[in-house]
Amino acid sequence: MQPRIGFVGLGIMGSGMAKNLARRGYAVRVWNRSRERARAVGLPTAESPRALAEQSDVVVSCVADPAAVERVVFAEDGVLAAARAGFSYVECSTVSPELVRRAALAFAEKGAAMLEAPVTGSKLAAENGTLLFMTGGPAEVHARLEPILLAMGTRAIYCGIAGHGALMKLVGNTLISFMLEGLCEGLLVARKGGLEVDKVLEVIAASGFQSPYYAFKGPAIRDRNFDTQFSIDLLVKDQNLMLAEAAAQPTPLPGLAAIREVFQSARAQGLGGQDIAAVIRALESAAGINL
Ligand code: NAP
């Protein structure tokens with residue numbers, strides 16, 4: 001029999017993910033902090049994360065940040081309060097490895113299972129069901145829950161013990177930070193020197209500089225399409241998580257520390273809710289030129 005699924009967090013990512021689970025035939029119930037968003041997906045709702053867990057065999061969560069996960073899991077009416085033998089929790093939010101390990105331990109103490117499964121692929125991949133998951137936790141839990149992940153995505157790569165998925169995700173978003181910063185800086189210097197944005201993107205696409213990421217964000221920057229796929233606020237959250245992880249090891253990250261300040265200046269200019277491509281605006285004002 002198919003497990004009953006509870007889905008927590010119906011933001012940009014979660015709303016597409018929950019709908020895809022329902023499309024694949026799972027019975028899905030949802031909870032979201034603000035009720036309007038919960039109602040908007042058109043699936044049955046629960047009163048609290050705890051009530052959702054009581055009515056589900058597996059709860060999948062995709063919420064903003066560590067504070068949101070603390071609330072969803074550990075609050076009095078949180079998922080953990082209803083955890084029991086046979087119950088599973090899947091954490092898809094990007095949070096710290098430490099929080100993942102703490103949650104995994106808490107679920108294990110209740111005889112329940114937890115798999116972390118942070119995702120890559122943005123709003124479109126969440127809507128199309130083409131996300132990539134990077135998982136951490138017991139290998140048998142990955143194997144058992146993989147069909148649920150593959151109802152929302154195309155691949156789930158097992159990374160290792162609890163916390164390794166989060167670590168991998170932070171490495172990925174560090175790469176995104178460098179790539180976006182590099183593209184924006186390059187475009188500005190090219191433009192000031194009289195080289196067309198289209199020409200720069202054409203050469204990048206045809207060469208070893210190429211990446212699907214540039215095919216995604218390059219045209220968005222050129223066309224000034226800053227509709228939020230992934231917000232600057234959430235990328236800075238991930239940069240901070242990576243810097244904190246590195247500081248604890250300790251490992252110096254001079255490149256990411258500098259790039260974080262650029263994204264921070266975009267937030268200071270009121271751009272935090274916009275797509276990460278809008279970081280070009282902060283760099284444009286520093287350079288005194290618009291692309
Ligand atoms: P989003 O659109 O901002 O949605 C955030 C969700 O978290 C909303 O459902 C929000 O509820 C909920 N939330 C925030 N604070 C909360 C709290 N204190 N308690 C309970 N719920 C809370 O974010 P998103 O883009 O979907 O991202 C979700 C997660 O996926 C993040 O960890 C992000 O880093 C990660 N991620 C995002 C992308 C992307 O491209 N967007 C890609 C990969 C991974 P309300 O509706 O009430 O505000």
# chains A, B, ... in the order shown; residues from 1 in each chain; ligands from 1
>>> select_by_dssp(residues="region 48-253 of chain A", states="alpha helix (DSSP H)", output="ChimeraX atom specification")
/A:49-54,66-69,97-109,123-128,139-149,164-192,197-206,212-222,232-248
>>> residues_around(residues="region 232-244 of chain A", least_positions_apart="3", cutoff="6 Å", atoms="only C-alpha atoms", output="list in words")
Leu170, Ala247, Gly272, Asp275 and Ile276 of chain A
>>> write_last_selection(atoms="N, CA, C and O atoms", output="PDB file, in the first residue's frame")
ATOM      1  N   LEU A 170      25.477  22.661   0.648  1.00  0.00           N
ATOM      2  CA  LEU A 170      26.172  23.932   0.903  1.00  0.00           C
ATOM      3  C   LEU A 170      27.348  24.106  -0.062  1.00  0.00           C
ATOM      4  O   LEU A 170      27.629  25.219  -0.519  1.00  0.00           O
ATOM      5  N   ALA A 247      34.057  27.779   9.458  1.00  0.00           N
ATOM      6  CA  ALA A 247      34.684  28.396  10.634  1.00  0.00           C
ATOM      7  C   ALA A 247      34.855  27.371  11.741  1.00  0.00           C
ATOM      8  O   ALA A 247      35.847  27.373  12.466  1.00  0.00           O
ATOM      9  N   GLY A 272      16.461  41.628  -1.344  1.00  0.00           N
ATOM     10  CA  GLY A 272      16.536  40.279  -0.756  1.00  0.00           C
ATOM     11  C   GLY A 272      15.478  39.308  -1.234  1.00  0.00           C
ATOM     12  O   GLY A 272      15.735  38.113  -1.346  1.00  0.00           O
ATOM     13  N   ASP A 275      15.025  37.414  -7.183  1.00  0.00           N
ATOM     14  CA  ASP A 275      15.839  36.279  -7.608  1.00  0.00           C
ATOM     15  C   ASP A 275      17.328  36.602  -7.468  1.00  0.00           C
ATOM     16  O   ASP A 275      17.742  37.767  -7.589  1.00  0.00           O
ATOM     17  N   ILE A 276      18.128  35.561  -7.270  1.00  0.00           N
ATOM     18  CA  ILE A 276      19.574  35.761  -7.087  1.00  0.00           C
ATOM     19  C   ILE A 276      20.216  36.470  -8.289  1.00  0.00           C
ATOM     20  O   ILE A 276      21.241  37.123  -8.134  1.00  0.00           O
TER      21      ILE A 276
END
>>> residues_around(residues="region 115-123 of chain A", least_positions_apart="2", cutoff="8 Å", atoms="only C-alpha atoms", output="PyMOL selection string")
chain A and resi 12-13+16+88-94+100+104+113+125-127+130-138+141-142+162-163+165-166+169+229-230
>>> residues_around(residues="Val63 (chain A)", least_positions_apart="2", cutoff="10 Å", atoms="only C-alpha atoms", output="PyMOL selection string")
chain A and resi 8-14+32-33+60-61+65-69+72+91-95
>>> write_last_selection(atoms="all heavy atoms", output="compact mmCIF listing (two decimals), in the first residue's frame")
# COMPACT_ATOMS: atom_id res chain seq x y z
N VAL A 8 5.04 19.61 4.36
CA VAL A 8 5.16 20.86 5.11
C VAL A 8 5.94 21.88 4.30
O VAL A 8 7.06 21.59 3.86
CB VAL A 8 5.92 20.63 6.44
CG1 VAL A 8 6.17 21.96 7.15
CG2 VAL A 8 5.14 19.69 7.35
N GLY A 9 5.37 23.08 4.09
CA GLY A 9 6.12 24.16 3.43
C GLY A 9 5.74 24.28 1.97
O GLY A 9 6.29 23.57 1.12
N LEU A 10 4.80 25.19 1.70
CA LEU A 10 4.29 25.29 0.32
C LEU A 10 4.76 26.59 -0.32
O LEU A 10 3.97 27.38 -0.84
CB LEU A 10 2.77 25.17 0.34
CG LEU A 10 2.34 23.82 0.95
CD1 LEU A 10 0.90 23.85 1.36
CD2 LEU A 10 2.63 22.67 0.00
N GLY A 11 6.07 26.80 -0.26
CA GLY A 11 6.67 27.96 -0.89
C GLY A 11 6.96 27.67 -2.36
O GLY A 11 6.31 26.82 -2.98
N ILE A 12 7.95 28.36 -2.90
CA ILE A 12 8.30 28.21 -4.32
C ILE A 12 8.58 26.75 -4.65
O ILE A 12 8.09 26.22 -5.65
CB ILE A 12 9.53 29.09 -4.64
CG1 ILE A 12 9.14 30.57 -4.59
CG2 ILE A 12 10.13 28.72 -6.00
CD1 ILE A 12 10.30 31.53 -4.76
N MET A 13 9.36 26.08 -3.81
CA MET A 13 9.73 24.69 -4.08
C MET A 13 8.62 23.72 -3.64
O MET A 13 8.20 22.84 -4.39
CB MET A 13 11.03 24.33 -3.34
CG MET A 13 12.23 25.17 -3.73
SD MET A 13 12.63 25.04 -5.48
CE MET A 13 13.39 23.43 -5.54
N GLY A 14 8.17 23.90 -2.42
CA GLY A 14 7.25 22.92 -1.83
C GLY A 14 5.92 22.79 -2.56
O GLY A 14 5.38 21.69 -2.64
N ASN A 32 1.06 24.50 6.01
CA ASN A 32 1.93 25.64 5.75
C ASN A 32 1.67 26.68 6.83
O ASN A 32 0.55 26.81 7.31
CB ASN A 32 1.64 26.24 4.36
CG ASN A 32 2.71 27.23 3.94
OD1 ASN A 32 3.85 26.86 3.72
ND2 ASN A 32 2.34 28.50 3.86
N ARG A 33 2.72 27.42 7.20
CA ARG A 33 2.57 28.42 8.26
C ARG A 33 1.43 29.39 7.94
O ARG A 33 0.55 29.60 8.75
CB ARG A 33 3.90 29.17 8.46
CG ARG A 33 3.83 30.23 9.52
CD ARG A 33 5.17 30.91 9.66
NE ARG A 33 5.60 31.55 8.42
CZ ARG A 33 6.69 32.28 8.31
NH1 ARG A 33 7.50 32.44 9.35
NH2 ARG A 33 7.01 32.85 7.15
N VAL A 60 7.21 15.03 4.52
CA VAL A 60 8.29 15.67 3.77
C VAL A 60 8.19 17.16 4.06
O VAL A 60 7.10 17.73 4.03
CB VAL A 60 8.11 15.45 2.25
CG1 VAL A 60 9.26 16.08 1.47
CG2 VAL A 60 8.00 13.96 1.93
N SER A 61 9.35 17.78 4.35
CA SER A 61 9.33 19.20 4.67
C SER A 61 10.28 19.96 3.74
O SER A 61 11.37 19.49 3.43
CB SER A 61 9.76 19.39 6.13
OG SER A 61 10.21 20.70 6.35
N ASP A 65 14.46 27.89 6.32
CA ASP A 65 15.76 28.02 6.98
C ASP A 65 15.80 27.23 8.30
O ASP A 65 14.80 26.60 8.66
CB ASP A 65 16.06 29.52 7.23
CG ASP A 65 14.92 30.22 7.98
OD1 ASP A 65 14.11 29.52 8.63
OD2 ASP A 65 14.86 31.46 7.92
N PRO A 66 16.91 27.29 9.03
CA PRO A 66 16.99 26.51 10.28
C PRO A 66 15.89 26.88 11.28
O PRO A 66 15.32 25.99 11.93
CB PRO A 66 18.38 26.88 10.83
CG PRO A 66 19.20 27.16 9.61
CD PRO A 66 18.25 27.84 8.66
N ALA A 67 15.54 28.16 11.39
CA ALA A 67 14.49 28.55 12.34
C ALA A 67 13.17 27.89 11.97
O ALA A 67 12.41 27.45 12.85
CB ALA A 67 14.34 30.07 12.36
N ALA A 68 12.89 27.79 10.69
CA ALA A 68 11.65 27.17 10.24
C ALA A 68 11.66 25.67 10.56
O ALA A 68 10.64 25.10 10.99
CB ALA A 68 11.45 27.40 8.74
N VAL A 69 12.79 25.02 10.36
CA VAL A 69 12.88 23.59 10.67
C VAL A 69 12.76 23.35 12.17
O VAL A 69 12.08 22.42 12.62
CB VAL A 69 14.20 22.99 10.11
CG1 VAL A 69 14.41 21.57 10.62
CG2 VAL A 69 14.16 23.00 8.58
N VAL A 72 9.08 23.51 12.79
CA VAL A 72 8.33 22.40 12.20
C VAL A 72 8.59 21.09 12.95
O VAL A 72 7.67 20.31 13.18
CB VAL A 72 8.68 22.26 10.70
CG1 VAL A 72 8.20 20.93 10.13
CG2 VAL A 72 8.11 23.42 9.90
N GLU A 91 13.65 15.59 5.31
CA GLU A 91 13.96 17.02 5.40
C GLU A 91 14.61 17.49 4.10
O GLU A 91 15.75 17.13 3.80
CB GLU A 91 14.92 17.27 6.57
CG GLU A 91 15.23 18.73 6.80
CD GLU A 91 13.94 19.55 6.92
OE1 GLU A 91 13.30 19.53 7.99
OE2 GLU A 91 13.56 20.18 5.92
N CYS A 92 13.86 18.27 3.30
CA CYS A 92 14.38 18.76 2.02
C CYS A 92 14.89 20.20 2.10
O CYS A 92 15.44 20.70 1.12
CB CYS A 92 13.28 18.69 0.95
SG CYS A 92 12.79 17.00 0.55
N SER A 93 14.70 20.86 3.24
CA SER A 93 15.16 22.25 3.38
C SER A 93 16.69 22.28 3.40
O SER A 93 17.33 21.32 3.81
CB SER A 93 14.65 22.85 4.69
OG SER A 93 13.33 22.44 4.96
N THR A 94 17.26 23.42 2.99
CA THR A 94 18.71 23.58 3.11
C THR A 94 19.01 24.17 4.48
O THR A 94 18.68 25.33 4.75
CB THR A 94 19.26 24.52 2.02
OG1 THR A 94 18.84 24.03 0.74
CG2 THR A 94 20.78 24.58 2.07
N VAL A 95 19.61 23.35 5.34
CA VAL A 95 19.93 23.78 6.71
C VAL A 95 21.33 23.30 7.06
O VAL A 95 22.04 22.75 6.22
CB VAL A 95 18.88 23.26 7.72
CG1 VAL A 95 17.53 23.93 7.50
CG2 VAL A 95 18.75 21.75 7.66
>>> closest_residue(among="A:Ser56, A:Gln274, A:Thr251, A:Ser265", to="ligand 1", atoms="only C-alpha atoms and all ligand atoms")
A:Gln274
>>> residues_around(residues="region 73-86 of chain A", least_positions_apart="4", cutoff="10 Å", atoms="only C-alpha atoms", output="ChimeraX atom specification")
/A:8,47-59,61,68-69,91,103,106-113
>>> closest_residue(among="A:Ala64, A:Ala266, A:Leu21, A:Ala143", to="ligand 1", atoms="only C-alpha atoms and all ligand atoms")
A:Ala64
>>> atom_distance(atom1="CA of Gly153 (chain A)", atom2="CA of Leu175 (chain A)")
21.3 Å
>>> closest_residue(among="A:Arg102, A:Arg4, A:Lys199, A:Lys217", to="ligand 1", atoms="only C-alpha atoms and all ligand atoms")
A:Lys217
>>> closest_residue(among="A:Ala277, A:Ala246, A:Leu145, A:Leu105", to="Ser177 (chain A)", atoms="only C-alpha atoms")
A:Ala277
>>> closest_residue(among="A:Gly273, A:Val189, A:Thr45, A:Ala139", to="ligand 1", atoms="only C-alpha atoms and all ligand atoms")
A:Gly273
>>> atom_distance(atom1="atom 15 (N, counted along the ligand's line) of ligand 1", atom2="CA of Leu150 (chain A)")
25.6 Å
>>> atom_distance(atom1="CA of Tyr214 (chain A)", atom2="CA of Leu195 (chain A)")
17.7 Å
>>> select_by_dssp(residues="region 67-136 of chain A", states="strand (DSSP E or B)", output="list in words")
Ser88, Tyr89, Val90, Glu91, Ala113, Met114, Leu115, Glu116, Val119, Thr120, Leu131, Leu132, Phe133, Met134, Thr135 and Gly136 of chain A
>>> residues_around(residues="Gly255 (chain A)", least_positions_apart="3", cutoff="10 Å", atoms="only C-alpha atoms", output="list in words")
Thr174, Ser177, Phe178, Pro252, Ala258, Ile259 and Arg260 of chain A
